[in-house]
>>> print(open('structure-v8.cif').read())   # mmCIF, C-alpha atoms
data_final
loop_
_atom_site.label_atom_id
_atom_site.label_comp_id
_atom_site.auth_asym_id
_atom_site.auth_seq_id
_atom_site.Cartn_x
_atom_site.Cartn_y
_atom_site.Cartn_z
CA MET A 1034 21.35 108.43 174.91
CA ILE A 1035 23.02 111.51 176.33
CA LEU A 1036 26.51 110.98 177.66
CA THR A 1037 27.24 112.94 180.81
CA SER A 1038 30.38 114.53 182.14
CA ALA A 1039 29.51 113.78 185.75
CA LEU A 1040 31.62 111.29 187.62
CA PRO A 1041 30.10 109.05 190.30
CA VAL A 1042 30.50 110.41 193.81
CA PRO A 1043 31.26 107.90 196.54
CA MET A 1044 28.60 107.72 199.25
CA ALA A 1045 31.26 108.71 201.79
CA ASP A 1046 31.49 112.11 200.12
CA PHE A 1047 27.88 113.02 200.90
CA PRO A 1048 26.88 115.70 201.46
CA PRO A 1049 29.07 116.87 198.55
CA SER A 1050 31.50 119.73 199.07
CA PRO A 1051 33.34 121.93 196.51
CA SER A 1052 36.26 119.49 196.61
CA THR A 1053 33.92 116.72 195.40
CA PHE A 1054 33.55 118.49 192.07
CA TRP A 1055 37.20 119.47 191.73
CA GLN A 1056 38.39 116.84 189.28
CA PRO A 1057 41.17 118.38 187.15
CA LEU A 1058 42.62 116.45 184.24
CA VAL A 1059 46.16 117.42 185.25
CA ASN A 1060 47.07 118.81 188.65
CA PHE A 1061 50.42 120.59 188.96
CA GLY A 1062 50.06 121.22 192.69
CA THR A 1063 49.81 124.46 194.63
CA VAL A 1064 51.93 127.59 194.52
CA GLU A 1065 51.92 130.71 196.66
CA ILE A 1066 51.09 133.94 194.83
CA LEU A 1067 50.82 137.24 196.74
CA GLY A 1068 50.51 135.36 199.98
CA MET A 1069 47.71 133.11 198.73
CA GLU A 1070 47.90 129.43 197.90
CA MET A 1071 46.66 128.72 194.39
CA THR A 1072 46.26 125.44 192.55
CA LEU A 1073 47.73 125.08 189.07
CA ALA A 1074 45.79 122.59 187.00
CA ILE A 1075 44.29 121.82 183.60
CA THR A 1076 40.55 121.19 183.73
CA ARG A 1077 38.01 119.94 181.21
CA PRO A 1078 36.43 123.39 180.69
CA MET A 1079 39.89 124.78 179.88
CA VAL A 1080 40.41 122.07 177.26
CA VAL A 1081 36.95 122.65 175.76
CA MET A 1082 37.59 126.40 175.58
CA ALA A 1083 40.97 125.85 173.89
CA LEU A 1084 39.41 123.43 171.38
CA SER A 1085 36.62 125.88 170.58
CA VAL A 1086 39.09 128.71 169.97
CA GLY A 1087 41.11 126.46 167.65
CA LEU A 1088 38.05 125.29 165.72
CA LEU A 1089 36.63 128.79 165.40
CA SER A 1090 39.98 130.11 164.17
CA TRP A 1091 40.18 127.34 161.58
CA TRP A 1092 36.58 127.99 160.47
CA LEU A 1093 37.08 131.74 160.02
CA VAL A 1094 40.37 131.35 158.15
CA ALA A 1095 39.14 128.49 155.96
CA THR A 1096 35.97 130.27 154.88
CA THR A 1097 37.48 133.73 154.27
CA LYS A 1098 41.01 133.22 152.93
CA ARG A 1099 39.63 132.92 149.39
CA ALA A 1100 36.78 135.41 149.73
CA ALA A 1101 35.05 136.16 146.45
CA VAL A 1102 32.19 138.29 145.15
CA VAL A 1103 30.28 135.08 144.51
CA PRO A 1104 30.77 133.36 147.86
CA SER A 1105 31.28 129.69 148.51
CA LYS A 1106 28.88 127.95 150.88
CA GLY A 1107 31.35 128.36 153.75
CA GLN A 1108 31.92 132.05 153.04
CA TRP A 1109 28.15 132.61 152.69
CA PHE A 1110 27.50 131.02 156.09
CA THR A 1111 30.25 133.02 157.79
CA GLU A 1112 28.96 136.24 156.25
CA LYS A 1113 25.43 135.48 157.46
CA VAL A 1114 26.63 135.02 161.03
CA TYR A 1115 28.73 138.18 160.79
CA ASP A 1116 25.84 140.16 159.29
CA PHE A 1117 23.55 138.97 162.07
CA VAL A 1118 25.86 140.40 164.74
CA ARG A 1119 26.71 143.49 162.70
CA ASN A 1120 23.19 144.53 161.68
CA ASP A 1121 20.83 142.97 164.23
CA VAL A 1122 22.97 143.55 167.31
CA ALA A 1123 25.71 146.15 166.95
CA ARG A 1124 24.01 148.65 164.64
CA ASP A 1125 20.62 148.41 166.32
CA MET A 1126 21.95 148.79 169.86
CA ILE A 1127 24.94 151.13 169.40
CA GLY A 1128 23.77 153.24 166.47
CA SER A 1129 24.88 153.60 162.87
CA LYS A 1130 27.50 156.25 163.66
CA GLU A 1131 29.94 154.35 165.90
CA PHE A 1132 28.93 150.71 165.82
CA MET A 1133 31.53 149.36 163.35
CA ARG A 1134 34.52 149.53 165.69
CA PHE A 1135 32.75 147.24 168.17
CA VAL A 1136 31.57 144.62 165.67
CA PRO A 1137 34.77 142.48 165.87
CA LEU A 1138 34.47 142.28 169.67
CA LEU A 1139 30.76 141.42 169.62
CA PHE A 1140 31.15 138.92 166.77
CA ALA A 1141 34.04 137.16 168.52
CA MET A 1142 32.08 136.97 171.77
CA PHE A 1143 28.94 135.67 170.06
CA VAL A 1144 30.61 132.80 168.19
CA LEU A 1145 32.79 131.93 171.20
CA ILE A 1146 29.84 131.77 173.59
CA LEU A 1147 27.66 129.89 171.11
CA ALA A 1148 30.34 127.28 170.34
CA ASN A 1149 31.02 126.67 174.02
CA ASN A 1150 27.31 126.55 174.86
CA TRP A 1151 26.61 124.00 172.13
CA ALA A 1152 29.53 121.95 173.43
CA GLY A 1153 27.13 121.11 176.25
CA ILE A 1154 24.99 118.94 173.96
CA ILE A 1155 27.55 117.63 171.47
CA PRO A 1156 28.90 114.13 172.26
CA PRO A 1157 31.39 113.24 173.56
CA ILE A 1158 32.13 116.66 175.11
CA GLN A 1159 28.74 117.54 176.61
CA LEU A 1160 30.18 120.17 178.88
CA PRO A 1161 28.96 123.79 178.61
CA THR A 1162 32.08 125.80 179.41
CA PHE A 1163 30.07 128.76 180.65
CA GLY A 1164 28.43 126.51 183.22
CA ARG A 1165 31.64 127.27 185.18
CA ILE A 1166 31.31 130.72 186.70
CA GLY A 1167 34.90 131.82 186.02
CA PHE A 1168 34.37 131.91 182.24
CA PRO A 1169 31.29 134.19 182.24
CA ILE A 1170 33.07 136.45 184.72
CA ALA A 1171 36.07 136.76 182.41
CA LEU A 1172 33.93 137.80 179.41
CA THR A 1173 31.91 140.16 181.57
CA LEU A 1174 35.08 141.86 182.79
CA VAL A 1175 36.01 142.59 179.17
CA ILE A 1176 32.65 144.27 178.52
CA TYR A 1177 32.82 146.01 181.91
CA VAL A 1178 36.17 147.63 181.08
CA VAL A 1179 35.12 148.52 177.52
CA TYR A 1180 31.90 150.35 178.30
CA HIS A 1181 33.36 152.28 181.24
CA TRP A 1182 36.48 153.16 179.23
CA ILE A 1183 34.58 154.48 176.23
CA GLY A 1184 32.15 156.28 178.53
CA VAL A 1185 35.00 158.15 180.21
CA GLN A 1186 36.55 158.87 176.79
CA LYS A 1187 33.24 160.27 175.54
CA HIS A 1188 32.21 162.35 178.55
CA GLY A 1189 35.35 162.73 180.69
CA VAL A 1190 35.64 161.37 184.23
CA VAL A 1191 33.42 163.98 185.88
CA GLY A 1192 31.06 164.12 182.92
CA TYR A 1193 30.64 160.34 182.95
CA PHE A 1194 29.35 160.42 186.51
CA LYS A 1195 27.13 163.41 185.74
CA PHE A 1196 25.84 161.47 182.73
CA MET A 1197 24.37 158.88 185.11
CA ILE A 1198 21.82 161.42 186.37
CA PRO A 1199 18.93 161.90 183.91
CA PRO A 1200 18.40 165.56 183.04
CA GLY A 1201 15.43 167.41 184.50
CA LEU A 1202 15.30 165.57 187.83
CA PRO A 1203 14.28 167.57 190.92
CA ALA A 1204 17.32 168.39 193.05
CA TRP A 1205 15.96 166.59 196.09
CA ILE A 1206 15.77 163.19 194.34
CA ALA A 1207 18.97 163.47 192.25
CA PRO A 1208 21.32 162.07 194.98
CA ALA A 1209 19.18 158.95 195.44
CA ILE A 1210 18.98 158.37 191.67
CA PHE A 1211 22.76 158.87 191.39
CA VAL A 1212 23.40 156.17 194.01
CA LEU A 1213 21.02 153.77 192.22
CA GLU A 1214 22.72 154.47 188.88
CA LEU A 1215 26.16 153.89 190.42
CA ILE A 1216 24.99 150.52 191.69
CA THR A 1217 23.48 149.70 188.28
CA PHE A 1218 26.53 150.72 186.23
CA PHE A 1219 29.21 149.23 188.49
CA ILE A 1220 27.54 146.25 190.22
CA THR A 1221 24.16 145.18 188.83
CA ARG A 1222 25.05 145.15 185.14
CA PRO A 1223 28.19 142.99 185.34
CA LEU A 1224 26.69 140.75 188.03
CA THR A 1225 23.53 139.95 186.09
CA LEU A 1226 25.39 139.63 182.78
CA ALA A 1227 27.68 136.93 184.18
CA LEU A 1228 25.12 135.15 186.35
CA ARG A 1229 22.49 134.98 183.60
CA LEU A 1230 24.82 133.10 181.26
CA PHE A 1231 26.24 130.91 184.02
CA GLY A 1232 22.85 130.08 185.57
CA ASN A 1233 21.21 129.05 182.31
CA MET A 1234 24.12 126.89 181.19
CA PHE A 1235 24.57 125.22 184.57
CA ALA A 1236 20.84 124.61 185.09
CA GLY A 1237 20.36 123.26 181.58
CA HIS A 1238 23.25 120.84 181.98
CA MET A 1239 21.86 119.62 185.31
CA LEU A 1240 18.40 119.19 183.81
CA LEU A 1241 19.72 117.01 180.99
CA LEU A 1242 21.70 115.03 183.54
CA VAL A 1243 18.61 114.43 185.68
CA PHE A 1244 16.51 113.24 182.73
CA THR A 1245 19.24 110.94 181.41
CA LEU A 1246 20.28 109.36 184.70
CA GLY A 1247 16.64 109.15 185.82
CA ALA A 1248 15.76 107.23 182.66
CA TRP A 1249 18.75 104.92 183.18
CA GLU A 1250 17.72 104.19 186.76
CA LEU A 1251 14.21 103.33 185.58
CA PHE A 1252 15.61 101.11 182.82
CA THR A 1253 17.77 99.12 185.24
CA GLN A 1254 14.90 98.44 187.65
CA GLY A 1255 13.21 95.95 185.33
CA GLY A 1256 9.54 95.23 184.78
CA PHE A 1257 7.14 98.10 184.21
CA LEU A 1258 9.77 100.70 185.10
CA THR A 1259 11.91 99.57 182.17
CA ALA A 1260 9.09 100.48 179.79
CA VAL A 1261 8.70 103.87 181.50
CA ALA A 1262 12.37 104.61 180.73
CA ILE A 1263 11.62 104.83 177.00
CA PRO A 1264 9.39 107.94 177.16
CA ALA A 1265 11.85 109.40 179.68
CA TRP A 1266 14.64 109.06 177.11
CA ILE A 1267 12.41 110.55 174.42
CA MET A 1268 11.79 113.48 176.75
CA SER A 1269 15.52 113.84 177.35
CA PHE A 1270 16.06 114.07 173.58
CA ALA A 1271 13.38 116.78 173.38
CA MET A 1272 15.14 118.62 176.19
CA VAL A 1273 18.39 118.51 174.19
CA LEU A 1274 16.66 120.30 171.30
CA PHE A 1275 15.16 122.83 173.70
CA GLU A 1276 18.54 123.34 175.36
CA ALA A 1277 20.14 124.04 171.97
CA LEU A 1278 17.66 126.88 171.50
CA VAL A 1279 18.31 128.22 175.00
CA GLN A 1280 22.07 128.09 174.39
CA PHE A 1281 21.70 130.14 171.20
CA LEU A 1282 19.45 132.66 172.95
CA GLN A 1283 21.90 133.08 175.82
CA ALA A 1284 24.74 133.85 173.40
CA TYR A 1285 22.47 136.35 171.65
CA VAL A 1286 21.28 137.96 174.89
CA PHE A 1287 24.84 138.33 176.18
CA VAL A 1288 26.09 140.23 173.13
CA LEU A 1289 22.82 142.16 172.87
CA LEU A 1290 23.18 143.46 176.42
CA ALA A 1291 26.90 144.10 175.90
CA ALA A 1292 26.07 146.20 172.84
CA SER A 1293 23.35 147.97 174.80
CA TYR A 1294 25.78 148.93 177.56
CA ILE A 1295 28.32 150.17 175.01
CA GLY A 1296 25.64 152.13 173.20
CA GLY A 1297 24.44 153.64 176.47
CA ALA A 1298 27.96 154.76 177.37
CA LEU A 1299 28.27 156.50 173.99
CA ALA A 1300 24.89 158.23 174.14
CA ASP A 1301 24.85 162.03 174.36
CA GLU A 1302 22.22 161.94 177.13
CA HIS A 1303 21.20 159.39 179.73
#
>>> encode(input="structure-v8.cif", output="structure tokens")
Amino acid sequence: MILTSALPVPMADFPPSPSTFWQPLVNFGTVEILGMEMTLAITRPMVVMALSVGLLSWWLVATTKRAAVVPSKGQWFTEKVYDFVRNDVARDMIGSKEFMRFVPLLFAMFVLILANNWAGIIPPIQLPTFGRIGFPIALTLVIYVVYHWIGVQKHGVVGYFKFMIPPGLPAWIAPAIFVLELITFFITRPLTLALRLFGNMFAGHMLLLVFTLGAWELFTQGGFLTAVAIPAWIMSFAMVLFEALVQFLQAYVFVLLAASYIGGALADEH
């Protein structure tokens, strides 16, 4: 059976509002910052993120502190994950000339996203951190700053904006293309990068919740419906396996697109 992180909502709270889902583990109250009231609290996603960082740090140190030419099983596994990001993501998308300096960033993001995604199906956590929009936004901001920064370093401020216009365009259409490229570089890319990860993690978590609670409701009804709950639970287990694949793919797609944006900013031509 899949354990869920959802808490029962009293009928009086329907229809639910944002405050219904605000259930911090520790609430320190509100403070005023720059004229705005902000709540200081520790939430479950924050704890899961901190745990993942600690476990990933332990894993990387434990499997590499005694690195050898003939690797141990732990070192071999770590190297395979690193090689996957290095060769199949960074080098392919950025190019063999400048990709190495971005490998640590892409590797760190891949393992961090994957660990937090898989937390959504691992009992007793079962909470995908990136199903909370603030976390995908934070990672996207890092990529957003990096690819604009290196683009300006490569082409200069004026040259970076000129770089957005493909060469050879007729003069009459160039302004329209420039506006579209501005929207793409500064709005569409970061928006879709964050929302894609958030949407898939949130929707997958809700889908597992629906299957599990639906099966439980059938089981508690008695009679024929109790028997129907068994295939519903089997289906929920199948959905867990499918969700594990989706979670891996979303971590891969995020770093793949991040590498693509970095590689595009470093290209000599649009």
>>> atom_distance(input="structure-v8.cif", atom1="atom CA of A:Leu1088", atom2="atom CA of A:Val1273")
22.5 Å
>>> residues_around(input="structure-v8.cif", residues="A:Phe1218", least_positions_apart="6", cutoff="9 Å", atoms="all atoms listed in the file", output="PyMOL selection string")
chain A and resi 1177+1181+1197+1294
>>> atom_distance(input="structure-v8.cif", atom1="atom CA of A:Thr1111", atom2="atom CA of A:Leu1226")
26.3 Å
>>> resolve_selection(input="structure-v8.cif", expression="the PyMOL selection byres ((chain A and resi 1262-1272) around 9)", output="ChimeraX atom specification")
/A:1034-1035,1237,1240-1245,1247-1253,1258-1261,1273-1277
>>> write_last_selection(input="structure-v8.cif", atoms="C-alpha atoms", output="tab-separated table (two decimals), in the frame of the given file")
chain	number	residue	atom	x	y	z
A	1034	MET	CA	21.35	108.43	174.91
A	1035	ILE	CA	23.02	111.51	176.33
A	1237	GLY	CA	20.36	123.26	181.58
A	1240	LEU	CA	18.40	119.19	183.81
A	1241	LEU	CA	19.72	117.01	180.99
A	1242	LEU	CA	21.70	115.03	183.54
A	1243	VAL	CA	18.61	114.43	185.68
A	1244	PHE	CA	16.51	113.24	182.73
A	1245	THR	CA	19.24	110.94	181.41
A	1247	GLY	CA	16.64	109.15	185.82
A	1248	ALA	CA	15.76	107.23	182.66
A	1249	TRP	CA	18.75	104.92	183.18
A	1250	GLU	CA	17.72	104.19	186.76
A	1251	LEU	CA	14.21	103.33	185.58
A	1252	PHE	CA	15.61	101.11	182.82
A	1253	THR	CA	17.77	99.12	185.24
A	1258	LEU	CA	9.77	100.70	185.10
A	1259	THR	CA	11.91	99.57	182.17
A	1260	ALA	CA	9.09	100.48	179.79
A	1261	VAL	CA	8.70	103.87	181.50
A	1273	VAL	CA	18.39	118.51	174.19
A	1274	LEU	CA	16.66	120.30	171.30
A	1275	PHE	CA	15.16	122.83	173.70
A	1276	GLU	CA	18.54	123.34	175.36
A	1277	ALA	CA	20.14	124.04	171.97
>>> closest_residue(input="structure-v8.cif", among="A:Phe1287, A:Ser1105, A:Thr1076, A:Phe1194", to="A:Ile1216", atoms="all atoms listed in the file")
A:Phe1194
>>> residues_around(input="structure-v8.cif", residues="A:Ile1146", least_positions_apart="3", cutoff="12 Å", atoms="only C-alpha atoms", output="compact mmCIF listing (two decimals) with C-alpha atoms, in the frame of the given file")
# COMPACT_ATOMS: atom_id res chain seq x y z
CA VAL A 1081 36.95 122.65 175.76
CA MET A 1082 37.59 126.40 175.58
CA SER A 1085 36.62 125.88 170.58
CA VAL A 1086 39.09 128.71 169.97
CA LEU A 1089 36.63 128.79 165.40
CA LEU A 1139 30.76 141.42 169.62
CA PHE A 1140 31.15 138.92 166.77
CA ALA A 1141 34.04 137.16 168.52
CA MET A 1142 32.08 136.97 171.77
CA PHE A 1143 28.94 135.67 170.06
CA ASN A 1149 31.02 126.67 174.02
CA ASN A 1150 27.31 126.55 174.86
CA TRP A 1151 26.61 124.00 172.13
CA ALA A 1152 29.53 121.95 173.43
CA GLY A 1153 27.13 121.11 176.25
CA PRO A 1161 28.96 123.79 178.61
CA THR A 1162 32.08 125.80 179.41
CA PHE A 1163 30.07 128.76 180.65
CA GLY A 1164 28.43 126.51 183.22
CA PHE A 1168 34.37 131.91 182.24
CA PRO A 1169 31.29 134.19 182.24
CA ALA A 1171 36.07 136.76 182.41
CA LEU A 1172 33.93 137.80 179.41
CA THR A 1173 31.91 140.16 181.57
CA ALA A 1227 27.68 136.93 184.18
CA LEU A 1230 24.82 133.10 181.26
CA PHE A 1231 26.24 130.91 184.02
CA MET A 1234 24.12 126.89 181.19
CA GLN A 1280 22.07 128.09 174.39
CA PHE A 1281 21.70 130.14 171.20
CA LEU A 1282 19.45 132.66 172.95
CA GLN A 1283 21.90 133.08 175.82
CA ALA A 1284 24.74 133.85 173.40
CA TYR A 1285 22.47 136.35 171.65
CA VAL A 1286 21.28 137.96 174.89
CA PHE A 1287 24.84 138.33 176.18
CA VAL A 1288 26.09 140.23 173.13
>>> resolve_selection(input="structure-v8.cif", expression="the PyMOL selection byres ((chain A and resi 1115-1130) around 12)", output="short mmCIF file (atom, residue, chain, number, x, y, z; two decimals) with C-alpha atoms, in the frame of the given file")
data_model
loop_
_atom_site.label_atom_id
_atom_site.label_comp_id
_atom_site.auth_asym_id
_atom_site.auth_seq_id
_atom_site.Cartn_x
_atom_site.Cartn_y
_atom_site.Cartn_z
CA LEU A 1093 37.08 131.74 160.02
CA THR A 1097 37.48 133.73 154.27
CA GLN A 1108 31.92 132.05 153.04
CA TRP A 1109 28.15 132.61 152.69
CA PHE A 1110 27.50 131.02 156.09
CA THR A 1111 30.25 133.02 157.79
CA GLU A 1112 28.96 136.24 156.25
CA LYS A 1113 25.43 135.48 157.46
CA VAL A 1114 26.63 135.02 161.03
CA GLU A 1131 29.94 154.35 165.90
CA PHE A 1132 28.93 150.71 165.82
CA MET A 1133 31.53 149.36 163.35
CA ARG A 1134 34.52 149.53 165.69
CA PHE A 1135 32.75 147.24 168.17
CA VAL A 1136 31.57 144.62 165.67
CA PRO A 1137 34.77 142.48 165.87
CA LEU A 1138 34.47 142.28 169.67
CA LEU A 1139 30.76 141.42 169.62
CA PHE A 1140 31.15 138.92 166.77
CA ALA A 1141 34.04 137.16 168.52
CA MET A 1142 32.08 136.97 171.77
CA PHE A 1143 28.94 135.67 170.06
CA VAL A 1144 30.61 132.80 168.19
CA TYR A 1180 31.90 150.35 178.30
CA ALA A 1284 24.74 133.85 173.40
CA TYR A 1285 22.47 136.35 171.65
CA VAL A 1286 21.28 137.96 174.89
CA PHE A 1287 24.84 138.33 176.18
CA VAL A 1288 26.09 140.23 173.13
CA LEU A 1289 22.82 142.16 172.87
CA LEU A 1290 23.18 143.46 176.42
CA ALA A 1291 26.90 144.10 175.90
CA ALA A 1292 26.07 146.20 172.84
CA SER A 1293 23.35 147.97 174.80
CA TYR A 1294 25.78 148.93 177.56
CA ILE A 1295 28.32 150.17 175.01
CA GLY A 1296 25.64 152.13 173.20
CA GLY A 1297 24.44 153.64 176.47
CA ALA A 1298 27.96 154.76 177.37
CA LEU A 1299 28.27 156.50 173.99
CA ALA A 1300 24.89 158.23 174.14
CA ASP A 1301 24.85 162.03 174.36
#
